[in-house]
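The file work_29.cif contains mmCIF, C-alpha atoms:
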```
data_coords
#
loop_
_atom_site.label_atom_id
_atom_site.label_comp_id
_atom_site.auth_asym_id
_atom_site.auth_seq_id
_atom_site.Cartn_x
_atom_site.Cartn_y
_atom_site.Cartn_z
CA MET A 1 227.24 30.39 -109.34
CA PRO A 2 223.82 28.73 -109.52
CA LYS A 3 223.54 25.98 -112.11
CA LEU A 4 221.02 24.67 -114.58
CA ARG A 5 220.57 20.96 -113.90
CA VAL A 6 218.61 18.03 -115.30
CA HIS A 7 218.11 14.87 -113.24
CA ASN A 8 216.60 11.42 -113.51
CA VAL A 9 215.65 11.71 -117.17
CA THR A 10 214.92 8.12 -117.99
CA VAL A 11 215.46 6.69 -121.44
CA SER A 12 215.07 3.24 -122.94
CA LEU A 13 218.11 1.37 -124.24
CA ASP A 14 217.24 2.72 -127.68
CA GLY A 15 217.23 6.26 -126.30
CA PHE A 16 213.56 7.16 -126.05
CA ALA A 17 212.31 9.34 -123.21
CA ALA A 18 208.73 9.46 -124.46
CA GLY A 19 206.64 7.45 -126.88
CA THR A 20 204.28 8.62 -129.58
CA ASP A 21 200.81 10.13 -128.98
CA GLN A 22 201.19 11.44 -125.42
CA ARG A 23 197.75 11.91 -123.87
CA MET A 24 195.67 11.90 -120.69
CA ASP A 25 195.66 8.16 -120.15
CA ALA A 26 199.21 7.69 -121.49
CA PRO A 27 201.26 10.68 -120.26
CA PHE A 28 204.48 9.29 -121.73
CA GLY A 29 202.80 8.14 -124.94
CA ASP A 30 202.48 4.77 -126.61
CA GLY A 31 205.17 2.19 -126.12
CA ILE A 32 206.18 3.61 -122.73
CA ASP A 33 204.46 2.16 -119.73
CA ASP A 34 205.27 2.64 -116.07
CA SER A 35 208.10 0.15 -116.29
CA LEU A 36 210.36 2.85 -117.78
CA HIS A 37 210.22 4.72 -114.48
CA ASP A 38 209.97 1.76 -112.10
CA TRP A 39 213.58 2.18 -111.01
CA MET A 40 212.90 5.80 -110.00
CA PHE A 41 209.80 5.10 -107.95
CA ALA A 42 211.63 2.24 -106.23
CA ALA A 43 214.58 4.53 -105.50
CA MET A 44 212.30 7.31 -104.20
CA LYS A 45 210.68 4.84 -101.84
CA ASP A 46 214.06 3.55 -100.69
CA HIS A 47 215.19 7.15 -100.18
CA ALA A 48 212.10 7.88 -98.05
CA ASP A 49 212.82 4.71 -96.07
CA GLY A 50 216.36 5.89 -95.38
CA LYS A 51 218.02 3.23 -97.53
CA GLN A 52 221.14 3.85 -99.59
CA GLY A 53 222.47 2.73 -102.96
CA THR A 54 223.43 3.95 -106.40
CA ASP A 55 219.88 4.65 -107.60
CA VAL A 56 218.85 6.26 -104.31
CA ASP A 57 221.91 8.47 -104.42
CA PHE A 58 221.12 9.73 -107.92
CA VAL A 59 217.48 10.40 -107.06
CA ALA A 60 218.46 12.24 -103.90
CA ARG A 61 220.94 14.46 -105.75
CA GLY A 62 218.15 15.65 -108.00
CA GLU A 63 216.24 17.20 -105.11
CA ASP A 64 219.20 19.00 -103.62
CA ASN A 65 219.36 22.82 -103.71
CA ILE A 66 216.72 23.40 -106.42
CA GLY A 67 214.96 26.80 -106.28
CA ALA A 68 212.97 26.80 -109.52
CA THR A 69 211.86 24.39 -112.24
CA ILE A 70 211.50 24.83 -116.00
CA MET A 71 209.37 22.46 -118.06
CA GLY A 72 207.74 22.15 -121.46
CA ARG A 73 204.03 22.25 -121.90
CA ASN A 74 203.86 18.54 -122.71
CA MET A 75 205.19 17.79 -119.25
CA PHE A 76 202.65 20.14 -117.68
CA GLY A 77 199.67 18.51 -119.33
CA PRO A 78 198.23 16.47 -122.17
CA CYS A 79 196.43 19.38 -123.92
CA ARG A 80 197.85 20.79 -127.17
CA GLY A 81 197.06 24.08 -128.93
CA PRO A 82 194.97 26.78 -127.20
CA TRP A 83 193.96 25.90 -123.62
CA GLU A 84 190.49 24.46 -123.73
CA ASN A 85 190.23 24.64 -120.00
CA GLU A 86 192.41 26.69 -117.68
CA ALA A 87 191.20 24.58 -114.78
CA TRP A 88 194.03 22.18 -115.68
CA THR A 89 196.87 22.93 -113.26
CA GLY A 90 199.21 20.05 -114.00
CA TRP A 91 199.40 16.33 -113.34
CA TRP A 92 200.32 16.74 -109.69
CA GLY A 93 197.06 17.61 -107.86
CA ASP A 94 196.53 20.66 -105.65
CA ASN A 95 199.79 20.30 -103.71
CA PRO A 96 202.49 19.64 -106.34
CA PRO A 97 205.89 18.32 -105.24
CA PHE A 98 207.84 21.36 -106.47
CA HIS A 99 207.27 23.91 -103.67
CA HIS A 100 208.93 26.62 -105.74
CA PRO A 101 208.26 28.63 -108.94
CA VAL A 102 207.78 26.55 -112.10
CA PHE A 103 208.14 28.07 -115.57
CA VAL A 104 206.16 26.35 -118.34
CA HIS A 105 207.19 26.95 -121.96
CA THR A 106 204.09 27.34 -124.14
CA HIS A 107 203.04 29.25 -127.22
CA HIS A 108 199.70 29.82 -125.46
CA THR A 109 200.34 31.90 -122.37
CA ARG A 110 197.80 32.20 -119.56
CA PRO A 111 197.75 33.79 -116.09
CA SER A 112 200.04 32.32 -113.44
CA VAL A 113 198.58 29.79 -111.01
CA SER A 114 199.54 29.55 -107.33
CA LEU A 115 198.96 26.19 -105.69
CA LYS A 116 199.43 24.87 -102.17
CA GLY A 117 202.90 24.33 -100.78
CA GLY A 118 204.55 27.23 -102.63
CA THR A 119 204.29 25.95 -106.21
CA ASP A 120 203.55 28.79 -108.66
CA PHE A 121 203.16 27.91 -112.34
CA HIS A 122 204.18 30.68 -114.75
CA PHE A 123 203.41 30.31 -118.46
CA THR A 124 205.80 31.88 -120.93
CA ASP A 125 206.54 32.06 -124.64
CA GLU A 126 209.86 33.87 -124.11
CA PRO A 127 213.23 32.57 -125.42
CA VAL A 128 215.12 30.04 -123.30
CA GLU A 129 217.71 32.62 -122.23
CA THR A 130 214.99 34.93 -120.88
CA VAL A 131 213.11 32.16 -119.12
CA LEU A 132 216.33 30.90 -117.56
CA ALA A 133 217.18 34.40 -116.30
CA ARG A 134 213.72 34.64 -114.71
CA ALA A 135 214.13 31.18 -113.19
CA TYR A 136 217.54 32.02 -111.73
CA GLU A 137 216.07 35.16 -110.20
CA ALA A 138 213.12 33.23 -108.78
CA ALA A 139 215.46 30.54 -107.41
CA ASP A 140 217.15 33.23 -105.33
CA GLY A 141 220.65 31.78 -105.35
CA LYS A 142 219.69 28.13 -105.62
CA ASP A 143 219.99 26.03 -108.80
CA VAL A 144 217.37 25.67 -111.51
CA ARG A 145 216.19 22.28 -112.75
CA ILE A 146 214.65 21.39 -116.08
CA GLY A 147 211.90 18.84 -115.51
CA GLY A 148 211.36 17.84 -119.15
CA GLY A 149 210.26 16.75 -121.61
CA PRO A 150 212.86 15.80 -124.16
CA ALA A 151 212.21 18.71 -126.55
CA THR A 152 212.60 21.27 -123.77
CA ILE A 153 215.82 19.70 -122.50
CA GLN A 154 217.13 19.67 -126.08
CA GLN A 155 216.44 23.39 -126.50
CA TYR A 156 218.58 24.19 -123.48
CA LEU A 157 221.31 21.72 -124.48
CA ARG A 158 221.51 23.20 -127.98
CA ALA A 159 221.89 26.65 -126.46
CA GLY A 160 224.68 25.33 -124.21
CA LEU A 161 222.79 26.47 -121.10
CA VAL A 162 222.63 23.14 -119.22
CA ASP A 163 225.42 22.75 -116.65
CA GLU A 164 224.74 19.16 -115.65
CA LEU A 165 222.51 16.36 -116.93
CA HIS A 166 221.88 13.00 -115.32
CA LEU A 167 220.21 10.38 -117.44
CA ALA A 168 219.15 6.88 -116.55
CA ILE A 169 219.17 4.14 -119.19
CA VAL A 170 216.81 1.26 -118.53
CA PRO A 171 217.02 -2.15 -120.25
CA LEU A 172 213.89 -1.73 -122.37
CA LEU A 173 213.31 -1.21 -126.09
CA VAL A 174 210.65 1.26 -127.16
CA GLY A 175 211.16 1.53 -130.92
CA LYS A 176 209.73 4.96 -131.61
CA GLY A 177 208.92 8.25 -129.93
CA GLU A 178 210.98 11.19 -128.67
CA ARG A 179 214.67 10.61 -128.09
CA LEU A 180 216.41 12.58 -125.37
CA LEU A 181 219.84 12.90 -127.00
CA ASP A 182 218.65 13.99 -130.42
CA ASN A 183 218.50 17.17 -132.48
CA LEU A 184 221.41 18.56 -130.50
CA GLY A 185 223.40 19.77 -133.51
CA GLU A 186 226.82 21.08 -132.60
CA GLY A 187 225.52 21.38 -129.04
CA VAL A 188 226.95 17.95 -128.18
CA ASP A 189 230.48 19.30 -128.57
CA GLY A 190 229.95 21.37 -125.45
CA TYR A 191 229.34 18.37 -123.22
CA GLU A 192 231.39 15.62 -121.69
CA VAL A 193 230.24 12.35 -120.10
CA VAL A 194 231.97 12.30 -116.72
CA GLU A 195 230.27 9.32 -115.10
CA LEU A 196 228.84 6.00 -116.27
CA VAL A 197 227.75 3.55 -113.62
CA SER A 198 225.21 0.72 -113.47
CA SER A 199 223.00 -0.55 -110.69
CA PRO A 200 221.26 -3.88 -111.29
CA ALA A 201 218.25 -1.94 -112.63
CA VAL A 202 219.65 0.96 -114.59
CA THR A 203 222.74 2.63 -116.02
CA HIS A 204 223.37 6.18 -114.91
CA ALA A 205 225.26 8.67 -117.06
CA ARG A 206 226.21 12.16 -116.02
CA LEU A 207 227.02 14.88 -118.57
CA VAL A 208 228.54 18.23 -117.72
CA ARG A 209 229.43 21.27 -119.76
CA ARG A 210 233.01 21.03 -120.96
CA SER A 211 234.12 24.20 -119.20
CA GLN A 212 233.04 22.58 -115.96
CA ALA A 213 234.34 19.08 -116.54
CA GLY A 214 237.36 19.79 -114.40
CA GLU A 215 235.38 20.82 -111.36
CA MET B 1 220.46 -25.07 -133.19
CA PRO B 2 223.07 -22.66 -134.53
CA LYS B 3 222.40 -19.01 -133.74
CA LEU B 4 222.73 -15.66 -135.43
CA ARG B 5 224.76 -13.43 -133.12
CA VAL B 6 226.02 -9.87 -133.00
CA HIS B 7 228.85 -8.89 -130.66
CA ASN B 8 230.79 -5.83 -129.54
CA VAL B 9 228.76 -3.34 -131.53
CA THR B 10 229.89 -0.11 -129.96
CA VAL B 11 227.63 2.91 -129.75
CA SER B 12 228.02 6.36 -128.25
CA LEU B 13 225.85 7.43 -125.33
CA ASP B 14 223.53 9.05 -127.87
CA GLY B 15 223.30 5.76 -129.75
CA PHE B 16 225.49 6.23 -132.81
CA ALA B 17 227.52 3.33 -134.21
CA ALA B 18 228.87 5.29 -137.16
CA GLY B 19 229.21 8.94 -138.06
CA THR B 20 228.43 10.71 -141.30
CA ASP B 21 230.51 10.48 -144.51
CA GLN B 22 232.30 7.16 -143.98
CA ARG B 23 235.38 7.03 -146.20
CA MET B 24 238.92 5.70 -146.65
CA ASP B 25 240.60 7.89 -144.04
CA ALA B 26 237.60 7.84 -141.69
CA PRO B 27 236.11 4.32 -141.83
CA PHE B 28 233.53 5.11 -139.15
CA GLY B 29 232.75 8.55 -140.56
CA ASP B 30 232.94 12.03 -139.12
CA GLY B 31 232.48 12.54 -135.43
CA ILE B 32 233.69 9.01 -134.60
CA ASP B 33 237.36 8.67 -133.89
CA ASP B 34 239.24 5.69 -132.49
CA SER B 35 238.11 6.55 -128.98
CA LEU B 36 234.74 4.90 -129.63
CA HIS B 37 236.47 1.53 -129.91
CA ASP B 38 239.29 2.10 -127.41
CA TRP B 39 237.60 -0.12 -124.85
CA MET B 40 237.50 -3.01 -127.34
CA PHE B 41 241.14 -2.82 -128.39
CA ALA B 42 242.15 -2.62 -124.72
CA ALA B 43 239.99 -5.66 -123.94
CA MET B 44 241.38 -7.60 -126.91
CA LYS B 45 244.90 -6.91 -125.70
CA ASP B 46 244.00 -7.93 -122.15
CA HIS B 47 242.40 -11.08 -123.53
CA ALA B 48 245.59 -11.90 -125.48
CA ASP B 49 247.58 -11.28 -122.29
CA GLY B 50 245.41 -13.73 -120.40
CA LYS B 51 243.79 -11.09 -118.20
CA GLN B 52 240.17 -11.28 -117.09
CA GLY B 53 237.37 -8.79 -116.49
CA THR B 54 233.94 -7.71 -117.71
CA ASP B 55 235.13 -6.19 -120.99
CA VAL B 56 237.51 -9.06 -121.72
CA ASP B 57 234.74 -11.55 -121.07
CA PHE B 58 232.39 -9.85 -123.55
CA VAL B 59 235.06 -9.61 -126.23
CA ALA B 60 236.01 -13.26 -125.74
CA ARG B 61 232.40 -14.42 -126.06
CA GLY B 62 232.19 -12.81 -129.48
CA GLU B 63 234.88 -15.08 -130.90
CA ASP B 64 233.43 -18.28 -129.57
CA ASN B 65 231.96 -20.87 -131.97
CA ILE B 66 231.55 -18.61 -135.02
CA GLY B 67 231.62 -20.40 -138.40
CA ALA B 68 230.61 -17.62 -140.79
CA THR B 69 230.25 -13.83 -140.86
CA ILE B 70 227.72 -11.57 -142.57
CA MET B 71 228.46 -7.91 -143.17
CA GLY B 72 227.23 -4.93 -145.14
CA ARG B 73 229.25 -3.47 -147.94
CA ASN B 74 230.05 -0.34 -145.89
CA MET B 75 231.86 -2.53 -143.42
CA PHE B 76 233.77 -4.27 -146.20
CA GLY B 77 235.07 -1.07 -147.72
CA PRO B 78 234.70 2.65 -148.29
CA CYS B 79 233.63 2.44 -151.97
CA ARG B 80 230.00 3.11 -152.93
CA GLY B 81 228.14 2.28 -156.17
CA PRO B 82 229.74 0.03 -158.81
CA TRP B 83 233.17 -1.35 -157.81
CA GLU B 84 235.79 0.91 -159.34
CA ASN B 85 238.47 -1.55 -158.46
CA GLU B 86 238.02 -5.19 -157.56
CA ALA B 87 241.51 -5.21 -156.13
CA TRP B 88 239.91 -3.98 -152.89
CA THR B 89 239.56 -7.04 -150.64
CA GLY B 90 238.54 -5.42 -147.37
CA TRP B 91 240.16 -3.36 -144.62
CA TRP B 92 241.98 -6.33 -143.10
CA GLY B 93 244.98 -7.00 -145.36
CA ASP B 94 245.80 -10.33 -147.02
CA ASN B 95 245.21 -12.44 -143.91
CA PRO B 96 241.90 -11.22 -142.44
CA PRO B 97 240.98 -12.20 -138.86
CA PHE B 98 237.85 -14.14 -139.86
CA HIS B 99 239.30 -17.49 -141.05
CA HIS B 100 235.86 -18.55 -142.30
CA PRO B 101 233.38 -17.62 -145.08
CA VAL B 102 232.20 -13.99 -145.05
CA PHE B 103 229.04 -12.91 -146.88
CA VAL B 104 228.98 -9.27 -148.00
CA HIS B 105 225.61 -7.69 -148.81
CA THR B 106 225.93 -5.46 -151.88
CA HIS B 107 223.79 -4.40 -154.83
CA HIS B 108 226.93 -4.80 -156.95
CA THR B 109 227.94 -8.42 -156.90
CA ARG B 110 231.41 -9.58 -157.97
CA PRO B 111 233.32 -12.88 -157.95
CA SER B 112 234.21 -14.39 -154.59
CA VAL B 113 237.69 -13.75 -153.20
CA SER B 114 239.72 -16.29 -151.23
CA LEU B 115 242.37 -14.87 -148.93
CA LYS B 116 244.97 -16.42 -146.65
CA GLY B 117 243.90 -18.15 -143.46
CA GLY B 118 240.62 -19.47 -144.76
CA THR B 119 238.72 -16.21 -145.23
CA ASP B 120 236.52 -16.29 -148.35
CA PHE B 121 234.51 -13.19 -149.22
CA HIS B 122 231.23 -13.86 -151.07
CA PHE B 123 229.27 -10.93 -152.51
CA THR B 124 225.50 -11.22 -152.65
CA ASP B 125 222.38 -9.21 -153.41
CA GLU B 126 220.04 -11.90 -152.11
CA PRO B 127 217.44 -11.32 -149.34
CA VAL B 128 218.58 -11.64 -145.74
CA GLU B 129 216.80 -14.97 -145.26
CA THR B 130 218.68 -16.47 -148.22
CA VAL B 131 222.03 -15.08 -147.18
CA LEU B 132 221.51 -16.34 -143.65
CA ALA B 133 220.65 -19.82 -144.93
CA ARG B 134 223.86 -19.84 -147.00
CA ALA B 135 225.84 -18.61 -144.00
CA TYR B 136 224.41 -21.31 -141.71
CA GLU B 137 225.32 -23.92 -144.29
CA ALA B 138 228.84 -22.52 -144.64
CA ALA B 139 229.23 -22.38 -140.83
CA ASP B 140 228.68 -26.14 -140.76
CA GLY B 141 226.96 -26.33 -137.39
CA LYS B 142 228.62 -23.35 -135.79
CA ASP B 143 226.93 -19.97 -135.20
CA VAL B 144 226.84 -17.07 -137.64
CA ARG B 145 227.89 -13.57 -136.63
CA ILE B 146 226.84 -10.27 -138.18
CA GLY B 147 229.84 -7.98 -138.24
CA GLY B 148 228.00 -4.75 -139.13
CA GLY B 149 227.38 -2.03 -139.97
CA PRO B 150 224.29 -0.62 -138.30
CA ALA B 151 222.04 -0.82 -141.40
CA THR B 152 222.86 -4.50 -141.93
CA ILE B 153 222.23 -5.37 -138.28
CA GLN B 154 218.93 -3.47 -138.46
CA GLN B 155 217.80 -5.49 -141.49
CA TYR B 156 218.27 -8.73 -139.60
CA LEU B 157 216.68 -7.34 -136.41
CA ARG B 158 213.62 -6.14 -138.31
CA ALA B 159 213.26 -9.60 -139.82
CA GLY B 160 213.51 -11.13 -136.33
CA LEU B 161 216.47 -13.25 -137.39
CA VAL B 162 219.00 -12.18 -134.76
CA ASP B 163 219.15 -14.51 -131.77
CA GLU B 164 221.50 -12.50 -129.60
CA LEU B 165 222.97 -9.00 -129.73
CA HIS B 166 225.64 -7.55 -127.47
CA LEU B 167 226.15 -3.82 -127.60
CA ALA B 168 228.62 -1.66 -125.76
CA ILE B 169 227.71 1.91 -124.82
CA VAL B 170 230.66 4.24 -124.36
CA PRO B 171 230.51 7.60 -122.56
CA LEU B 172 230.89 9.76 -125.66
CA LEU B 173 228.51 12.03 -127.55
CA VAL B 174 228.60 11.96 -131.35
CA GLY B 175 225.56 14.03 -132.33
CA LYS B 176 224.83 12.62 -135.77
CA GLY B 177 225.37 9.60 -137.95
CA GLU B 178 223.93 6.08 -138.03
CA ARG B 179 222.19 4.84 -134.92
CA LEU B 180 222.29 1.13 -134.16
CA LEU B 181 218.88 0.79 -132.49
CA ASP B 182 216.89 2.69 -135.09
CA ASN B 183 214.46 1.90 -137.91
CA LEU B 184 213.52 -1.30 -136.15
CA GLY B 185 209.77 -0.85 -136.51
CA GLU B 186 207.79 -3.51 -134.70
CA GLY B 187 210.97 -5.56 -134.69
CA VAL B 188 211.85 -4.30 -131.20
CA ASP B 189 208.87 -6.17 -129.74
CA GLY B 190 210.65 -9.42 -130.50
CA TYR B 191 213.61 -8.63 -128.28
CA GLU B 192 214.31 -8.45 -124.58
CA VAL B 193 217.25 -6.87 -122.76
CA VAL B 194 218.51 -9.61 -120.47
CA GLU B 195 221.73 -8.06 -119.20
CA LEU B 196 222.96 -4.55 -118.41
CA VAL B 197 226.33 -4.22 -116.73
CA SER B 198 229.01 -1.53 -116.60
CA SER B 199 232.76 -1.71 -116.44
CA PRO B 200 234.60 1.54 -115.68
CA ALA B 201 234.94 2.11 -119.44
CA VAL B 202 231.69 0.95 -120.97
CA THR B 203 228.16 -0.32 -120.37
CA HIS B 204 227.33 -3.69 -121.88
CA ALA B 205 223.79 -4.62 -122.87
CA ARG B 206 222.69 -8.00 -124.15
CA LEU B 207 219.49 -8.48 -126.16
CA VAL B 208 217.98 -11.83 -127.01
CA ARG B 209 214.97 -12.87 -129.01
CA ARG B 210 211.93 -13.17 -126.75
CA SER B 211 211.37 -16.81 -127.50
CA GLN B 212 214.88 -17.45 -126.20
CA ALA B 213 214.80 -15.15 -123.19
CA GLY B 214 214.12 -18.07 -120.89
CA GLU B 215 217.13 -20.06 -121.99
#
```
Same coordinates, now as structure tokens:
Amino acid sequence: MPKLRVHNVTVSLDGFAAGTDQRMDAPFGDGIDDSLHDWMFAAMKDHADGKQGTDVDFVARGEDNIGATIMGRNMFGPCRGPWENEAWTGWWGDNPPFHHPVFVHTHHTRPSVSLKGGTDFHFTDEPVETVLARAYEAADGKDVRIGGGPATIQQYLRAGLVDELHLAIVPLLVGKGERLLDNLGEGVDGYEVVELVSSPAVTHARLVRRSQAGE
Amino acid sequence: MPKLRVHNVTVSLDGFAAGTDQRMDAPFGDGIDDSLHDWMFAAMKDHADGKQGTDVDFVARGEDNIGATIMGRNMFGPCRGPWENEAWTGWWGDNPPFHHPVFVHTHHTRPSVSLKGGTDFHFTDEPVETVLARAYEAADGKDVRIGGGPATIQQYLRAGLVDELHLAIVPLLVGKGERLLDNLGEGVDGYEVVELVSSPAVTHARLVRRSQAGE
């Protein structure tokens, strides 16, 4: 059975995945600079260089067997409200690193965009269950990954649709913004923390749905 | 210079140190059972048995050189509002484990209580700076420790009075309650995370005041 997975979501020690006032020149908002994701870029480089280690291993797992991505509009771009300019096709340039269909949750739908390397962005205002069904179909037997941001991940966690979530806690304090593990309601009861391990740079936690904890 | 320290504050992976509706038969509130503090009791037992290890080391550090304790009323007891019964002298029986003066923040002051083993409870509605000054004086050159709960620790963090804070993150999800690292405002800017290390059971993080980070 294909799974819905979340990987490498990085949070500060006080739990924030994004700061306040996300915008063009501060994609993660105020209070969050690049240092939150330093560990990940270092691990990606190490992975590319063929090195091994805890962080590299977690980053590598995130790329494995993914056939489609789901994300919120805030992860796709800094614009809010109606699209002022449909020329915006994401933060990632004309050859995005996905190479598969990407479903973007937005109240303001627009025509799909096909970019180089097999990345198609689809914009949808459908419920999470419907979007996930479309993503599974598009993934053609592979798993589906939620890219972010926090609010989108929370929607899927509340609905009990996430099979596996890997989060990375970095030793920074942010103070305010969007927490990842927040607004989950009774949703938390459906999940179990099955792994907690630290590298020198970051603590990794892995959550799975309870029904799958024994796998 | 004596320091203000916080040790072994245990939080869930989603950051909660206490659940909702704290009361007599659920001192930490709903959603938090003993399992949140299992690691600490195990480490205390190992410490008593002369064993060593990461968790034991952190627990042992918390007991070292403490001459006075500060706590919030919610940590002292389950009652809220005016004291219905001044016979309540804390959760810890007639020989509490402090063996030094303990200052309890409360809007409803009452006469001090002296218990066996040198534990005196003083009840105060004074500002944090005043209470801390009294505690330093009572500690007679030793450090002062804040016992909890989360709201009391936050008051001292916001005021920039805490020199060192050790928190333990356990792999549990609680979903709602009182977060430890919350409501800190600009206070977080004064702190730096200088240590992040995991045992199999728990991740330990150590925060210090920025001016002391180089010590």
- Query: Taking all atoms listed in the file into account, what are the residues of chain B at most 10 Å from chain A, put as number ranges by chain?
  - Reply: B: 13-15, 31, 169-176, 179-207
- Determine, counting only C-alpha atoms, which protein, DNA and RNA residues have an atom within 10 Å of an atom of region 96-98 of chain A; residues of the same chain fewer than 3 positions away are not included. Present the result as a ChimeraX atom specification. /A:63,66-69,89-93,101-102,115-121
- Task: Mind giving me the straight-line distance from CA of Asn65 (chain A) to CA of Val113 (chain A) in Å, one decimal?
- Result: 23.1 Å
- Note on the structure: As a check of understanding: the span from CA of Arg145 (chain A) to CA of Ala87 (chain A) is 25.2 Å
- Message: When the PyMOL selection byres ((chain B and resi 129-141) around 10) is applied to the structure above, which residues does it catch, written out as a ChimeraX atom specification?
- Response: /B:1-4,65-70,100-105,123-128,142-146,156,159,161
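Taking all atoms listed in the file into account, Arg61 (chain B) lies nearest to B:His166 out of the set B:Arg210, B:His99, B:Arg110, B:His166.
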- CA of Leu167 (chain B) to CA of Val59 (chain B), straight-line distance in Å: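 Distance reported for this atom pair: 10.7 Å.
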- Quick one: which residues end up in the PyMOL selection byres ((chain B and resi 17) around 6) for this structure, as a list in words? Thr10, Val11, Phe16, Ala18, Glu178, Arg179 and Leu180 of chain B
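Among B:Met71, B:Met44, B:Leu36, B:Val208, the residue with the shortest atom-to-atom distance to Glu164 (chain B), counting all atoms listed in the file, is B:Val208.
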- Minimum-distance residue to Gln154 (chain B), chosen among B:Ala168, B:Val6, B:Cys79, B:Met40 (using only C-alpha atoms): B:Val6
- Residues matched by the PyMOL selection byres ((chain A and resi 149) around 8) as a PyMOL selection string: chain A and resi 17-18+71-72+74-75+147-148+150-153
- Non-local contacts of Met24 (chain B) (8 Å; only C-alpha atoms; under 2 positions in same chain excluded) as a list in words: Gln22, Ala26, Pro27, Gly77 and Pro78 of chain B
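When all atoms listed in the file are used to compute distances to Glu84 (chain B), the closest of the residues B:Asp64, B:His108, B:Ala48, B:Gly177 turns out to be B:His108.
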- Query: Pick the closest to Asn8 (chain A) from A:Arg23, A:Lys51, A:Arg73, A:His37: which is it, counting only C-alpha atoms?
  - Reply: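 Comparing A:Arg23, A:Lys51, A:Arg73, A:His37 against Asn8 (chain A), the winner is A:His37.
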